[in-house]
Amino acid sequence: MTGRIPLIVANWKTNKKVAEVYDFLQEIQGKLPDPKRVRVGIAAQDIYLHEMVKQSQELDIPVAVISENLHWADEGSYTGETSPAALADIGVSGSIVGHYERRKMFKETNGSVGLKVTAALRNELIPIVAIAEDTTRYNPDDEDMAPLTEIAVGLAGVDKQRAENIVIAYEPAWAIGASETPSLEVIEHSAKVIRQSLAILFTQEVADKIRIQYGGSATPENSKEILGLADIDGLLIGRASLEPAAFLQMVNDAIEG
């Protein structure tokens with residue numbers, strides 16, 4: 001992982017009631033590794049975020065509280081949306097942007113993803129940019145390789161000086177919520193394509209600082225192998241993150257990976 005501190009993030013989606021959120025935090029209290037070795041985040045529904053920030057501080061849990069989405073405007077007439085400035089104000093650390101489920105069900109585009117990424121960076125939130133594009137037709141060793149469209153368009157407005165604060169989460173669409181993951185060879189190939197795309201956009205030096213997570217049916221059974229890949233710097237975990245014991249195992253796998 002070459003100087004990049006692994007980042008393990010739970011994506012709870014629309015799961016958990018308030019009591020379950022509090023119970024989960026109590027379960028992981030005192031069990032997370034030093035953030036200098038592995039960083040941990042939990043993405044939850046907006047209604048829980050403020051209380052999660054407070055509880056993690058009170059219980060002294062080194063966990064970043066993350067939004068599952070955000071709007072691109074800091075304020076204005078956008079009924080039902082969540083302001084990135086408001087998220088930053090309550091102590092939220094970052095936001096998932098462009099998850100495949102939002103692209104598919106809510107018609108998010110690469111353009112709107114780009115607006116949200118720059119909004120997150122503007123408010124000093126870490127954008128975890130989800131990439132679901134098919135990487136198999138790309139060759140990262142080809143000097144003339146065009147960058148992935150989701151990266152080229154979605155990150156087009158990002159200043160090079162801020163780009164290293166971005167996290168990329170590679171989640172092949174077919175693997176989300178499925179019982180299988182791609183082979184390790186496919187995951188590593190995809191990570192190389194993503195890093196090469198980032199290098200085309202920002203320079204190799206910047207690309208080498210950006211963390212790339214894998215998501216899409218990551219489980220305690222496959223996490224250690226995935227985290228052992230050279231270009232994978234963490235996980236974005238869906239269903240397996242709902243159980244504290246499973247999540248903690250995957251976090252600890254990042255130390256060994």
# chains A, B, ... in the order shown; residues from 1 in each chain; ligands from 1
>>> residues_around(residues="Asp134 in chain A", least_positions_apart="2", cutoff="10 Å", atoms="only C-alpha atoms", output="mmCIF file with N, CA and C atoms, in the first residue's frame")
data_model
loop_
_atom_site.group_PDB
_atom_site.id
_atom_site.type_symbol
_atom_site.label_atom_id
_atom_site.label_comp_id
_atom_site.auth_asym_id
_atom_site.auth_seq_id
_atom_site.Cartn_x
_atom_site.Cartn_y
_atom_site.Cartn_z
ATOM 1 N N ILE A 131 -16.828 4.210 -8.372
ATOM 2 C CA ILE A 131 -16.608 3.948 -9.786
ATOM 3 C C ILE A 131 -17.124 2.544 -10.105
ATOM 4 N N ALA A 132 -18.038 2.440 -11.051
ATOM 5 C CA ALA A 132 -18.589 1.130 -11.414
ATOM 6 C C ALA A 132 -18.317 0.780 -12.875
ATOM 7 N N THR A 136 -12.419 -3.714 -18.108
ATOM 8 C CA THR A 136 -11.749 -4.812 -18.814
ATOM 9 C C THR A 136 -11.229 -4.417 -20.199
ATOM 10 N N ARG A 137 -11.813 -3.370 -20.779
ATOM 11 C CA ARG A 137 -11.363 -2.969 -22.124
ATOM 12 C C ARG A 137 -10.209 -1.971 -22.077
ATOM 13 N N TYR A 138 -9.696 -1.688 -20.887
ATOM 14 C CA TYR A 138 -8.590 -0.741 -20.733
ATOM 15 C C TYR A 138 -7.295 -1.486 -20.438
ATOM 16 N N LEU A 148 -10.690 6.449 -17.649
ATOM 17 C CA LEU A 148 -12.071 6.027 -17.442
ATOM 18 C C LEU A 148 -12.992 7.238 -17.512
ATOM 19 N N GLU A 171 -16.381 -0.298 -7.395
ATOM 20 C CA GLU A 171 -17.459 -1.240 -7.123
ATOM 21 C C GLU A 171 -18.091 -1.685 -8.445
ATOM 22 N N PRO A 172 -17.663 -2.822 -8.995
ATOM 23 C CA PRO A 172 -18.303 -3.284 -10.229
ATOM 24 C C PRO A 172 -19.792 -3.490 -9.987
ATOM 25 N N ALA A 173 -20.600 -2.971 -10.881
ATOM 26 C CA ALA A 173 -22.043 -2.941 -10.661
ATOM 27 C C ALA A 173 -22.626 -4.316 -10.373
ATOM 28 N N SER A 190 -8.237 -3.569 -12.425
ATOM 29 C CA SER A 190 -9.127 -2.409 -12.353
ATOM 30 C C SER A 190 -8.496 -1.281 -11.551
#
>>> closest_residue(among="A:Glu164, A:Glu221, A:Asp231, A:Glu150", to="Gly111 in chain A", atoms="only C-alpha atoms")
A:Glu150
>>> residues_around(residues="Val53 in chain A", least_positions_apart="2", cutoff="8 Å", atoms="only C-alpha atoms", output="PyMOL selection string")
chain A and resi 49-51+55-57+65+90-92
>>> write_last_selection(atoms="C-alpha atoms", output="tab-separated table (two decimals), in the first residue's frame")
chain	number	residue	atom	x	y	z
A	49	LEU	CA	-24.88	11.63	11.56
A	50	HIS	CA	-24.88	14.40	14.19
A	51	GLU	CA	-25.52	11.96	17.03
A	55	GLN	CA	-21.19	9.55	20.41
A	56	SER	CA	-17.87	8.75	18.74
A	57	GLN	CA	-16.31	11.72	20.52
A	65	VAL	CA	-18.62	9.71	10.34
A	90	ILE	CA	-21.79	19.07	12.46
A	91	GLY	CA	-18.42	17.33	12.23
A	92	VAL	CA	-18.99	14.89	9.38
>>> closest_residue(among="A:Ile8, A:Val63, A:Ala146, A:Ala73", to="Gly30 in chain A", atoms="only C-alpha atoms")
A:Val63
>>> residues_around(residues="Leu121 in chain A", least_positions_apart="5", cutoff="10 Å", atoms="only C-alpha atoms", output="MDAnalysis selection string")
chainID A and resid 84 94 116 126:127 158:159 162:163 165:166
>>> write_last_selection(atoms="N, CA, C and O atoms", output="PDB file, in the first residue's frame")
ATOM      1  N   PRO A  84     -23.510  20.335   1.869  1.00  0.00           N
ATOM      2  CA  PRO A  84     -22.174  19.923   2.300  1.00  0.00           C
ATOM      3  C   PRO A  84     -21.632  20.810   3.407  1.00  0.00           C
ATOM      4  O   PRO A  84     -20.902  20.346   4.289  1.00  0.00           O
ATOM      5  N   GLY A  94     -16.699  13.155   5.690  1.00  0.00           N
ATOM      6  CA  GLY A  94     -16.669  12.945   4.253  1.00  0.00           C
ATOM      7  C   GLY A  94     -18.014  12.474   3.747  1.00  0.00           C
ATOM      8  O   GLY A  94     -18.995  12.403   4.493  1.00  0.00           O
ATOM      9  N   LYS A 116     -20.625  17.432  -7.041  1.00  0.00           N
ATOM     10  CA  LYS A 116     -20.628  17.015  -5.635  1.00  0.00           C
ATOM     11  C   LYS A 116     -19.209  16.818  -5.096  1.00  0.00           C
ATOM     12  O   LYS A 116     -18.933  17.129  -3.939  1.00  0.00           O
ATOM     13  N   ILE A 126     -14.011  14.660   2.779  1.00  0.00           N
ATOM     14  CA  ILE A 126     -13.356  13.692   1.913  1.00  0.00           C
ATOM     15  C   ILE A 126     -14.402  13.046   1.006  1.00  0.00           C
ATOM     16  O   ILE A 126     -15.324  12.396   1.503  1.00  0.00           O
ATOM     17  N   PRO A 127     -14.295  13.226  -0.310  1.00  0.00           N
ATOM     18  CA  PRO A 127     -15.243  12.548  -1.204  1.00  0.00           C
ATOM     19  C   PRO A 127     -14.762  11.128  -1.501  1.00  0.00           C
ATOM     20  O   PRO A 127     -13.632  10.921  -1.932  1.00  0.00           O
ATOM     21  N   VAL A 158     -11.682  19.141 -10.456  1.00  0.00           N
ATOM     22  CA  VAL A 158     -10.886  19.060  -9.225  1.00  0.00           C
ATOM     23  C   VAL A 158      -9.510  19.674  -9.434  1.00  0.00           C
ATOM     24  O   VAL A 158      -8.801  19.345 -10.394  1.00  0.00           O
ATOM     25  N   ASP A 159      -9.141  20.560  -8.531  1.00  0.00           N
ATOM     26  CA  ASP A 159      -7.817  21.170  -8.557  1.00  0.00           C
ATOM     27  C   ASP A 159      -6.765  20.123  -8.187  1.00  0.00           C
ATOM     28  O   ASP A 159      -6.958  19.345  -7.256  1.00  0.00           O
ATOM     29  N   ARG A 162      -5.770  19.616  -4.587  1.00  0.00           N
ATOM     30  CA  ARG A 162      -6.728  18.993  -3.673  1.00  0.00           C
ATOM     31  C   ARG A 162      -7.005  17.532  -4.014  1.00  0.00           C
ATOM     32  O   ARG A 162      -7.646  16.832  -3.242  1.00  0.00           O
ATOM     33  N   ALA A 163      -6.526  17.087  -5.146  1.00  0.00           N
ATOM     34  CA  ALA A 163      -6.906  15.772  -5.657  1.00  0.00           C
ATOM     35  C   ALA A 163      -6.484  14.631  -4.734  1.00  0.00           C
ATOM     36  O   ALA A 163      -7.168  13.607  -4.652  1.00  0.00           O
ATOM     37  N   ASN A 165      -6.784  14.311  -1.743  1.00  0.00           N
ATOM     38  CA  ASN A 165      -7.755  14.102  -0.675  1.00  0.00           C
ATOM     39  C   ASN A 165      -8.947  13.255  -1.115  1.00  0.00           C
ATOM     40  O   ASN A 165      -9.804  12.906  -0.303  1.00  0.00           O
ATOM     41  N   ILE A 166      -9.005  12.930  -2.392  1.00  0.00           N
ATOM     42  CA  ILE A 166     -10.087  12.098  -2.919  1.00  0.00           C
ATOM     43  C   ILE A 166      -9.796  10.629  -2.598  1.00  0.00           C
ATOM     44  O   ILE A 166      -8.643  10.199  -2.545  1.00  0.00           O
TER      45      ILE A 166
END
>>> closest_residue(among="A:Glu108, A:Glu188, A:Glu68, A:Glu75", to="Ser95 in chain A", atoms="only C-alpha atoms")
A:Glu68
>>> select_by_dssp(residues="range 49-200 of chain A", states="strand (DSSP E)", output="count of residues only")
19
>>> closest_residue(among="A:Val21, A:Met145, A:Val117, A:Ile42", to="Ser67 in chain A", atoms="only C-alpha atoms")
A:Ile42
>>> select_by_dssp(residues="range 20-170 of chain A", states="alpha helix (DSSP H)", output="ChimeraX atom specification")
/A:20-28,46-58,84-89,100-105,110-122,149-154
>>> residues_around(residues="Gly114 in chain A", least_positions_apart="3", cutoff="10 Å", atoms="only C-alpha atoms", output="list of chain:residue names")
A:Trp72, A:Val97, A:Gly98, A:Thr109, A:Asn110, A:Gly111, A:Val117, A:Thr118, A:Ala119, A:Ala120, A:Val129, A:Glu150, A:Ile151, A:Ala152, A:Val153, A:Gly154, A:Leu155, A:Ala156, A:Gly157, A:Val158
>>> closest_residue(among="A:Ala240, A:Gln26, A:Phe106, A:Phe247", to="Asp60 in chain A", atoms="only C-alpha atoms")
A:Gln26
>>> closest_residue(among="A:Ser83, A:Lys160, A:Ser217, A:Gln196", to="Glu180 in chain A", atoms="only C-alpha atoms")
A:Ser217
